[in-house]
Amino acid sequence: MTGLPLRQLLMSLGEPLVELQAAPAGLDVPVRHVSILDPEDPPTAAPGELVLAIGARGRAALPALRAAGRARAAAVAVKLDGPGQADALREAATEAGVALLSVRRETRWEHLDSLTRTLLSGADDPDGTGGTGGTGPGGPATGDLFSLAQTVAVLTGGIVSIEDPSSRVLAYSRSETDEVDDLRRLSILGRQGPEPYLAKLREWGVFSHLRGSEGAIEIAAHPELGIRRRLAIAIRSGAQPLGTIWVQEGSRPLTDTAEQALVGAARVAAGQLVRRRRELSADTRLTQTLLTGLLEGSTGPQSLATHLGLDLRRPVTVLAYAPAATDGRDVELSRDEVTGLISVHTAARHRGALLAPVDSRVYVLLPELPPGLPPATLRDWTQETVDAARDHLSIPLRAAIGPTVPGLADVPASRAQADRILDAMGRGGVVPDVAALQDVQAEVLVSEVLALLQDRPELRDPRLTALTAYDSRHHTRLGESVLAYLDALGEVRAAADALHIHPNTLRYRVRRAEQLTGLDLAQPQQRLLAMLQLRLPD
């Protein structure tokens, strides 16, 4: 990888996200990789890396700077609590010979990581041609999305951002900060349009107009909301929405040809985004194939270990995520959104994390875990992802934490246990949205017994089968009443309250069920069978 000069990286990221504090080796130092240094990890770096020192504010970042200098890294990015900290860090950076970048307090680390990776991938393929050396029909505008955003800014005289269908910022143009309105600033800092502003755009019908229009539409200024005038155009491939280009007006009016420029830019962006979706590199395809095979137990661990340089004997864990409900949303779109969110959050916590979507579930393999990693840490990481999916995508997720196993050879066992937990979660009951086996041991075992009864009708009590059939034919609730009575350990009033009926009504229903079927609920074995079988779905 040739890398991107630090100067160009800073110009592309811009002041809204980072600020240069020191560059003892100059601004032509190539940045080849970006890595995330967790505060729990020992400070390490590699040549040419931009190290994002998350959780290490102020002097706590000194070990990261020294390690980066020893490894000949390109730069270290930190957050500062106050101006006094910058002096000490600048001195340490100069002594280590590594550049120091300060990151705005509001900036999300996963956002900075994602944008930097996009810029670095564009540096290796500046023409967007997949490394073939050719150029597209649009000349320079067929390069990465950041280049396209900058070109549109020049042609329109405005401030540009390119967003995906979920209003997440993919790229943006450089601008003078005093010309940026609140919507633009908050979108770039958070990587996504803030919900109150998005709600206003929906209220004004902006998104519905975009869906139905081939051309650019205008959104009037709303000074009371901190929103300047802007133009917007949908990016689409046929009927499929791919995103939106927004152009905010700055201190000068937009050019007369701004709308025409947006039409051309939307077509160029569509080509780039379609290529991104369709062109999966051979290396990535191979990784996905080997990972899926390992999770399913059809491929041995050595292939993946050799391909990625992993240690076969280091601890590993599998996490599994599944949607709790789709709420009528497009399943494919939801899965893409969830997969993207999981990948960003997981990468922020574990640099070697690997993702494999399989059917409706997304599996995360965490290889080479540090010895003695507390289970609470894995739970916190997983809960953060589930909370983010709910808060940012309005998608409820369930997540299962597989056991930490000794090495890659045991990955299928960790995945199998994670699946057992998700299966139990999917069958209902009061369960948390993030769980390991010890949290839901009883629920998992009962769930598996019910699955056996579901698949093996000959194991069921025919009297209980007859009771369920009677309820179905006569629209009664005898089986439900018996189950509530048994769950309440025979406490009639508690069971009646749960069903919102009178205790005498419950007594009648239980007696009626016994008379119809010949059941004797005074017998422990019959009670046990009833408590299980009456939980089967109709």
# chains A, B, ... in the order shown; residues from 1 in each chain; ligands from 1
call {"tool": "select_by_dssp", "arguments": {"residues": "range 407-501 of chain A", "states": "alpha helix (DSSP H)", "output": "ChimeraX atom specification"}}
result
/A:411-426,441-455,462-474,478-487,492-499
call {"tool": "residues_around", "arguments": {"residues": "Leu506 in chain A", "least_positions_apart": "6", "cutoff": "9 Å", "atoms": "only C-alpha atoms", "output": "PyMOL selection string"}}
result
chain A and resi 478+481-482+485+492-493+495-496+499
call {"tool": "write_last_selection", "arguments": {"atoms": "N, CA and C atoms", "output": "JSON list (two decimals), in the first residue's frame"}}
result
[["chain", "number", "residue", "atom", "x", "y", "z"],
["A", 478, "LEU", "N", -59.01, -22.69, 27.45],
["A", 478, "LEU", "CA", -58.79, -23.64, 28.55],
["A", 478, "LEU", "C", -57.30, -23.94, 28.72],
["A", 481, "SER", "N", -55.45, -21.13, 30.33],
["A", 481, "SER", "CA", -55.79, -21.02, 31.75],
["A", 481, "SER", "C", -55.09, -22.07, 32.58],
["A", 482, "VAL", "N", -55.01, -23.30, 32.05],
["A", 482, "VAL", "CA", -54.29, -24.36, 32.77],
["A", 482, "VAL", "C", -52.82, -23.99, 32.93],
["A", 485, "TYR", "N", -52.32, -21.34, 35.53],
["A", 485, "TYR", "CA", -52.55, -21.94, 36.86],
["A", 485, "TYR", "C", -51.30, -22.71, 37.30],
["A", 492, "VAL", "N", -54.46, -19.59, 42.68],
["A", 492, "VAL", "CA", -55.56, -19.24, 41.78],
["A", 492, "VAL", "C", -55.65, -17.73, 41.56],
["A", 493, "ARG", "N", -55.55, -16.97, 42.63],
["A", 493, "ARG", "CA", -55.71, -15.52, 42.49],
["A", 493, "ARG", "C", -54.60, -14.92, 41.62],
["A", 495, "ALA", "N", -52.86, -16.43, 39.28],
["A", 495, "ALA", "CA", -53.08, -16.84, 37.89],
["A", 495, "ALA", "C", -54.23, -16.06, 37.26],
["A", 496, "ALA", "N", -55.31, -15.87, 38.02],
["A", 496, "ALA", "CA", -56.46, -15.12, 37.50],
["A", 496, "ALA", "C", -56.08, -13.68, 37.21],
["A", 499, "LEU", "N", -54.33, -13.38, 33.97],
["A", 499, "LEU", "CA", -55.22, -13.51, 32.80],
["A", 499, "LEU", "C", -56.32, -12.45, 32.77]]
call {"tool": "residues_around", "arguments": {"residues": "Leu294 in chain A", "least_positions_apart": "3", "cutoff": "10 Å", "atoms": "only C-alpha atoms", "output": "ChimeraX atom specification"}}
result
/A:288-291,297-304,408-412,415
call {"tool": "atom_distance", "arguments": {"atom1": "CA of Gln248 in chain A", "atom2": "CA of Thr107 in chain A"}}
result
21.0 Å
